[in-house]
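coords.tsv (TSV, C-alpha atoms)
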chain	number	residue	atom	x	y	z
V	5	GLU	CA	101.78	132.68	61.06
V	6	PRO	CA	98.19	131.53	61.69
V	7	THR	CA	95.87	132.09	58.74
V	8	TYR	CA	92.11	131.88	58.18
V	9	ASP	CA	90.95	129.47	55.49
V	10	PRO	CA	89.24	131.49	52.70
V	11	HIS	CA	86.62	128.75	52.40
V	12	CYS	CA	85.44	129.79	55.86
V	13	GLY	CA	85.80	133.51	55.24
V	14	SER	CA	85.48	135.51	52.07
V	15	LEU	CA	84.37	132.62	49.85
V	16	HIS	CA	81.58	131.45	52.20
V	17	LEU	CA	81.73	127.92	50.82
V	18	ILE	CA	81.12	126.08	54.11
V	19	SER	CA	77.48	125.79	55.14
V	20	ASN	CA	76.75	126.98	58.69
V	21	GLY	CA	80.28	128.38	58.95
V	22	CYS	CA	83.52	126.70	60.03
V	23	GLU	CA	83.15	126.78	63.81
V	24	PRO	CA	83.38	123.14	64.99
V	25	VAL	CA	80.41	121.42	66.62
V	26	ALA	CA	82.71	119.12	68.60
V	27	VAL	CA	86.40	118.58	69.33
V	28	ILE	CA	87.61	114.98	69.13
V	29	SER	CA	90.96	113.57	70.20
V	30	ALA	CA	92.31	110.82	67.94
V	31	ASP	CA	94.67	109.76	70.73
V	32	LYS	CA	91.80	109.33	73.16
V	33	LEU	CA	89.75	107.52	70.52
V	34	ARG	CA	92.43	104.79	70.38
V	35	ASP	CA	92.92	104.72	74.14
V	36	TYR	CA	91.51	101.59	75.77
V	37	ASP	CA	90.14	103.54	78.74
V	38	GLU	CA	88.86	106.72	77.10
V	39	GLY	CA	88.06	105.37	73.64
V	40	PRO	CA	84.40	104.40	74.22
V	41	ALA	CA	83.53	107.85	75.57
V	42	GLU	CA	85.23	109.53	72.60
V	43	THR	CA	83.29	107.26	70.24
V	44	ALA	CA	80.06	108.25	71.98
V	45	ALA	CA	80.94	111.93	71.54
V	46	ILE	CA	81.25	111.43	67.77
V	47	ALA	CA	78.02	109.45	67.59
V	48	GLU	CA	76.10	112.05	69.61
V	49	VAL	CA	77.05	114.80	67.16
V	50	LEU	CA	75.98	112.71	64.19
V	51	MET	CA	72.76	111.63	65.89
V	52	ASN	CA	71.77	115.21	66.73
V	53	ASP	CA	72.21	116.34	63.13
V	54	ALA	CA	69.05	116.00	61.05
V	55	ARG	CA	71.11	115.12	57.99
V	56	THR	CA	72.86	112.12	59.56
V	57	GLY	CA	70.88	111.20	62.68
V	58	LYS	CA	68.64	108.64	60.97
V	59	TYR	CA	71.69	106.66	59.81
V	60	VAL	CA	73.35	106.31	63.25
V	61	ILE	CA	73.17	102.86	64.83
V	62	ALA	CA	71.54	102.42	68.27
V	63	LYS	CA	73.53	103.49	71.36
V	64	GLU	CA	73.63	99.93	72.62
V	65	ALA	CA	76.00	99.01	69.78
V	66	TRP	CA	78.47	101.90	70.10
V	67	ASP	CA	80.81	100.21	72.58
V	68	CYS	CA	80.73	96.99	70.59
V	69	ILE	CA	81.74	98.78	67.39
V	70	TRP	CA	84.59	100.53	69.16
V	71	GLU	CA	85.88	97.24	70.60
V	72	GLU	CA	85.81	95.54	67.20
V	73	LEU	CA	87.55	98.42	65.41
V	74	ILE	CA	90.11	99.45	68.03
V	75	GLN	CA	90.74	96.52	70.34
V	76	HIS	CA	90.26	93.69	67.85
V	77	LYS	CA	91.54	95.75	64.88
V	78	LYS	CA	88.87	94.46	62.48
V	79	GLY	CA	88.46	97.76	60.64
V	80	PRO	CA	90.62	99.46	57.98
V	81	ILE	CA	94.39	99.59	58.45
V	82	THR	CA	95.44	102.42	60.78
V	83	ILE	CA	98.67	103.70	62.30
V	84	ALA	CA	98.01	101.54	65.36
V	85	VAL	CA	98.69	98.33	63.40
V	86	ARG	CA	102.09	99.55	62.20
V	87	PRO	CA	104.85	97.21	63.47
V	88	GLY	CA	106.47	98.69	66.56
V	89	TYR	CA	103.84	101.40	66.93
V	90	GLU	CA	103.55	100.86	70.69
V	91	HIS	CA	107.21	101.86	71.07
V	92	LEU	CA	107.12	104.73	68.58
V	93	TYR	CA	107.06	107.37	71.33
V	94	GLU	CA	110.37	106.14	72.73
V	95	GLU	CA	111.95	105.53	69.31
V	96	TYR	CA	112.24	109.12	68.05
V	97	ASN	CA	113.23	112.29	69.89
V	98	PHE	CA	113.09	116.01	69.17
V	99	SER	CA	115.79	118.57	69.96
V	100	PHE	CA	115.47	121.26	72.63
V	101	ASP	CA	114.79	123.94	70.02
V	102	MET	CA	111.99	121.97	68.42
V	103	LEU	CA	110.35	121.14	71.74
V	104	PHE	CA	110.54	124.80	72.80
V	105	GLU	CA	108.80	125.78	69.55
V	106	MET	CA	106.07	123.24	70.23
V	107	ILE	CA	105.52	124.55	73.75
V	108	ASP	CA	105.40	128.15	72.53
V	109	GLU	CA	102.74	127.28	69.96
V	110	LEU	CA	100.72	125.28	72.50
V	111	ASN	CA	100.91	128.22	74.92
V	112	ARG	CA	99.65	130.53	72.17
V	113	LEU	CA	96.67	128.31	71.40
V	114	ILE	CA	95.83	127.68	75.05
V	115	SER	CA	95.95	131.41	75.75
V	116	LYS	CA	93.79	132.22	72.72
V	117	TYR	CA	91.05	129.70	73.44
V	118	SER	CA	91.03	130.51	77.15
V	119	SER	CA	90.25	134.17	76.42
V	120	ASP	CA	86.90	135.79	77.14
V	121	GLU	CA	85.84	135.38	73.52
V	122	TRP	CA	86.09	131.58	73.70
V	123	LYS	CA	86.17	130.36	77.28
V	124	THR	CA	82.40	129.81	77.63
V	125	LYS	CA	82.14	127.57	74.54
V	126	PRO	CA	82.22	123.79	75.19
V	127	THR	CA	84.35	123.19	72.12
V	128	ALA	CA	86.98	125.71	73.27
V	129	ILE	CA	86.97	124.27	76.78
V	130	ARG	CA	87.56	120.78	75.40
V	131	LEU	CA	90.28	122.01	73.07
V	132	VAL	CA	92.13	123.72	75.93
V	133	GLU	CA	91.93	120.51	77.98
V	134	ILE	CA	93.44	118.45	75.16
V	135	LEU	CA	96.14	121.03	74.38
V	136	THR	CA	97.07	121.31	78.06
V	137	GLU	CA	97.49	117.54	78.30
V	138	HIS	CA	99.64	117.57	75.17
V	139	ARG	CA	101.78	120.42	76.51
V	140	ALA	CA	102.43	118.38	79.66
V	141	SER	CA	103.63	115.45	77.55
V	142	VAL	CA	105.96	117.71	75.53
V	143	GLU	CA	107.35	119.24	78.74
V	144	LYS	CA	107.90	115.72	80.08
V	145	GLU	CA	109.85	114.82	76.95
V	146	LEU	CA	111.93	117.99	77.33
V	147	GLU	CA	112.72	117.05	80.93
V	148	GLU	CA	113.70	113.50	79.91
V	149	ILE	CA	116.18	114.86	77.36
V	150	HIS	CA	117.63	117.31	79.89
V	151	THR	CA	118.13	114.60	82.54
V	152	GLY	CA	119.62	112.15	80.04
V	153	GLN	CA	116.74	109.70	80.23
V	154	ARG	CA	116.35	110.32	76.50
V	155	GLN	CA	119.53	110.45	74.44
V	156	LEU	CA	119.50	112.40	71.16
V	157	LYS	CA	120.61	110.23	68.25
V	158	LYS	CA	121.53	110.90	64.65
V	159	LYS	CA	118.18	109.60	63.34
V	160	ASP	CA	116.18	111.89	65.65
V	161	PHE	CA	114.48	115.14	64.62
V	162	LEU	CA	117.30	117.46	65.61
V	163	GLY	CA	117.09	120.53	63.45
V	164	THR	CA	120.03	122.51	62.07
V	165	ASP	CA	121.33	123.90	65.38
V	166	GLN	CA	121.39	120.60	67.26
V	167	ARG	CA	122.99	118.72	64.37
V	168	GLU	CA	125.73	121.35	64.21
V	169	LYS	CA	126.35	120.99	67.95
V	170	GLN	CA	126.73	117.24	67.62
V	171	ARG	CA	129.00	117.60	64.60
V	172	LYS	CA	131.30	119.95	66.49
V	173	LEU	CA	131.51	117.58	69.46
V	174	LYS	CA	132.99	114.94	67.14
V	175	GLN	CA	135.68	117.26	65.80
V	176	PRO	CA	139.28	117.14	67.14
V	177	GLN	CA	140.07	119.47	70.02
V	178	ASP	CA	142.51	121.41	67.80
V	179	ASP	CA	139.57	122.70	65.77
V	180	GLU	CA	138.21	124.56	68.79
V	181	THR	CA	140.58	127.46	68.15
V	182	GLU	CA	138.92	128.22	64.83
V	183	MET	CA	135.93	130.53	64.98
V	184	THR	CA	133.54	129.40	62.24
V	185	VAL	CA	130.43	131.13	60.97
V	186	VAL	CA	128.38	128.67	63.02
V	187	ASP	CA	130.37	129.56	66.14
V	188	ALA	CA	129.55	133.21	65.59
V	189	ALA	CA	125.85	132.40	65.14
V	190	THR	CA	125.85	130.35	68.34
V	191	GLU	CA	127.56	133.14	70.26
V	192	SER	CA	125.02	135.60	68.89
V	193	LYS	CA	122.20	133.40	70.11
V	194	ARG	CA	123.81	133.18	73.56
V	195	LYS	CA	124.08	136.97	73.77
V	196	THR	CA	120.47	137.34	72.64
V	197	ARG	CA	119.36	135.00	75.41
V	198	MET	CA	121.39	136.89	77.99
V	199	ARG	CA	119.80	140.16	76.82
V	200	TYR	CA	116.48	138.44	77.27
V	201	PHE	CA	117.38	137.67	80.89
V	202	SER	CA	118.46	141.26	81.53
V	203	GLU	CA	115.42	142.83	79.90
V	204	LEU	CA	113.09	140.57	81.83
V	205	GLU	CA	114.84	141.43	85.09
V	206	GLN	CA	114.56	145.15	84.34
V	207	LYS	CA	110.88	144.77	83.52
V	208	LEU	CA	110.22	143.00	86.82
V	209	HIS	CA	112.20	145.69	88.65
V	210	ARG	CA	110.15	148.46	87.02
V	211	GLU	CA	106.92	146.65	87.84
V	212	LYS	CA	108.06	146.17	91.43
V	213	ARG	CA	108.80	149.89	91.82
V	214	SER	CA	105.44	150.75	90.29
V	215	GLU	CA	103.76	148.27	92.61
V	216	MET	CA	105.48	149.79	95.64
V	217	LYS	CA	104.31	153.25	94.60
V	218	GLN	CA	100.75	152.01	94.18
V	219	LEU	CA	101.00	150.24	97.53
V	220	ALA	CA	101.95	153.47	99.28
V	221	GLU	CA	98.98	155.22	97.71
V	222	MET	CA	96.66	152.37	98.66
V	223	ARG	CA	97.90	152.43	102.26
V	224	GLU	CA	97.20	156.13	102.42
V	225	GLU	CA	93.68	155.55	101.20
V	226	ALA	CA	93.25	152.58	103.50
V	227	ALA	CA	94.25	154.63	106.49
V	228	LYS	CA	91.25	156.80	105.78
V	229	SER	CA	88.77	154.03	105.14
V	230	SER	CA	90.27	151.31	107.40
V	231	GLY	CA	90.05	148.88	104.47
V	232	LYS	CA	92.33	145.97	103.70
V	233	ILE	CA	95.12	146.08	101.10
V	234	SER	CA	96.08	143.33	98.68
V	235	THR	CA	99.31	143.47	96.72
V	236	ASN	CA	101.46	141.44	94.42
V	237	ILE	CA	104.71	142.80	95.79
V	238	ASP	CA	105.75	139.48	97.38
V	239	LEU	CA	105.13	137.63	94.14
V	240	LEU	CA	107.15	140.15	92.13
V	241	GLN	CA	110.02	139.90	94.60
V	242	ALA	CA	109.95	136.10	94.38
V	243	LEU	CA	110.02	136.20	90.57
V	244	SER	CA	112.92	138.66	90.61
V	245	ASP	CA	114.84	136.45	93.03
V	246	ALA	CA	114.13	133.41	90.86
V	247	LEU	CA	115.62	135.15	87.82
V	248	VAL	CA	118.76	135.98	89.75
V	249	GLN	CA	119.11	132.33	90.81
V	250	VAL	CA	118.68	131.14	87.22
V	251	ARG	CA	121.46	133.47	86.04
V	252	ILE	CA	123.76	132.31	88.85
V	253	LEU	CA	123.14	128.66	87.95
V	254	GLN	CA	123.87	129.33	84.28
V	255	ASP	CA	126.98	131.41	84.97
V	256	THR	CA	128.38	128.59	87.15
V	257	ASP	CA	127.54	125.97	84.47
V	258	MET	CA	125.18	124.13	86.81
V	259	ILE	CA	122.52	124.33	84.10
V	260	ASP	CA	122.89	124.82	80.35
V	261	GLN	CA	121.42	127.59	78.22
V	262	GLU	CA	118.44	125.51	77.11
V	263	MET	CA	117.35	124.74	80.65
V	264	ALA	CA	117.95	128.35	81.72
V	265	LEU	CA	115.78	129.60	78.88
V	266	ARG	CA	113.09	127.09	79.79
V	267	LEU	CA	113.04	128.29	83.39
V	268	VAL	CA	112.87	131.94	82.33
V	269	LYS	CA	109.95	131.19	80.04
V	270	ARG	CA	108.11	129.60	82.94
V	271	ILE	CA	108.81	132.64	85.10
V	272	ARG	CA	107.58	134.89	82.28
V	273	THR	CA	104.35	132.85	82.08
V	274	VAL	CA	103.76	133.35	85.81
Write-out of the structure in structure tokens:
Amino acid sequence: EPTYDPHCGSLHLISNGCEPVAVISADKLRDYDEGPAETAAIAEVLMNDARTGKYVIAKEAWDCIWEELIQHKKGPITIAVRPGYEHLYEEYNFSFDMLFEMIDELNRLISKYSSDEWKTKPTAIRLVEILTEHRASVEKELEEIHTGQRQLKKKDFLGTDQREKQRKLKQPQDDETEMTVVDAATESKRKTRMRYFSELEQKLHREKRSEMKQLAEMREEAAKSSGKISTNIDLLQALSDALVQVRILQDTDMIDQEMALRLVKRIRTV
């Protein structure tokens, strides 16, 4: 669960509070196209601070420093100089469950910092942009695993559930008749997911009925005022139909449970 650092709260040990003055992306800082701009963002913050501004080198040298440190690697040792770093993204994979957890957390953060409390602050806007880009990369990785472009291997970050699935696939067929504790847990998860489908369908159905009732009332009012009516009934119907299609695809084994759950989560987001 998210927590608030006591140094920023009750202890009041951070001068001027803990709200950031800028949001910087380390990935962009090392990027050959976006790196100079990210370097300039750091320098601008330092230059505009009375405590550090007088120590910042002239703007004309910023790009040169970035090129020497990042492109020519003349600075301290960083992760970028690790042998094979350029292929690190393709070398290790995460399981479906782990990627889903990442996406859920990214969705939580994006939703929080897009709220009315934060959405007008430049730092929050920048943070949402970076998190949204990262979510897209995680979703791309999830899609690559689903399509087989990425193959899960023993050395990958699989988690307990995925490792158990792979272990069972290597067992003799005769073992399939034995219902282990893990089998029961997997079946329980499947039933939980199916309940999730059903509850979401019922919720959409209730909302659709409520919408239809409101629509009838609005039409009655509109008849008196000759105004125009806007409704979400078509959208609700489309979402309900989409859920039905997802369940049909899963029931006929055209998609697995992970992909079905992913689709339902997207529908829920809409």
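Counting all atoms listed in the file, the residue from V:Ile28, V:Ile149, V:Leu103, V:Val250 that sits nearest to Ala128 (chain V) is V:Ile28.
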Open item on the list: When you count only C-alpha atoms, which of these residues is closest to Arg139 (chain V): V:Tyr36, V:Tyr96, V:Phe161, V:Phe104?
Closed with: V:Phe104
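From CA of Arg266 (chain V) back to CA of Asn97 (chain V), the distance works out to 17.8 Å.
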TODO: Please provide the set of residues having any atom within 9 Å of region 98-102 of chain V, restricted to only C-alpha atoms, with same-chain residues fewer than 3 positions apart removed, written as a ChimeraX atom specification.
DONE: /V:105-107,145-146,149-150,156,160-163,165-166,262-263
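Between CA of Gly39 (chain V) and CA of Arg55 (chain V) the separation is 25.0 Å.
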- [ ] Figure out the distance between CA of Leu110 (chain V) and CA of Lys269 (chain V), please, to one decimal in Å.
- [x] 13.3 Å
Centre and edge lengths, as AutoDock Vina command-line options, for the axis-aligned box enclosing every listed atom of region 7-17 of chain V with 5 Å of padding on each of the six sides, in Å to one decimal?
--center_x 88.7 --center_y 131.7 --center_z 54.3 --size_x 24.3 --size_y 17.6 --size_z 18.9
Task: Contact residues around Arg130 (chain V) with only C-alpha atoms at 10 Å, ignoring same-chain residues under 5 positions, as a PyMOL selection string - done: chain V and resi 26-29+117+123+125+135-136
TODO: Extract, using all atoms listed in the file, all DNA, RNA and protein residues at most 10 Å from region 66-83 of chain V, discarding same-chain residues fewer than 3 positions from it, and format them as a PyMOL selection string.
DONE: chain V and resi 33-36+39-44+47+60-63+86-87+89
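Minimum atom-to-atom distances from V:Asn111, V:Thr56, V:Thr7, V:Thr164 to Arg272 (chain V) were compared using all atoms listed in the file, and the lowest value belongs to V:Asn111.
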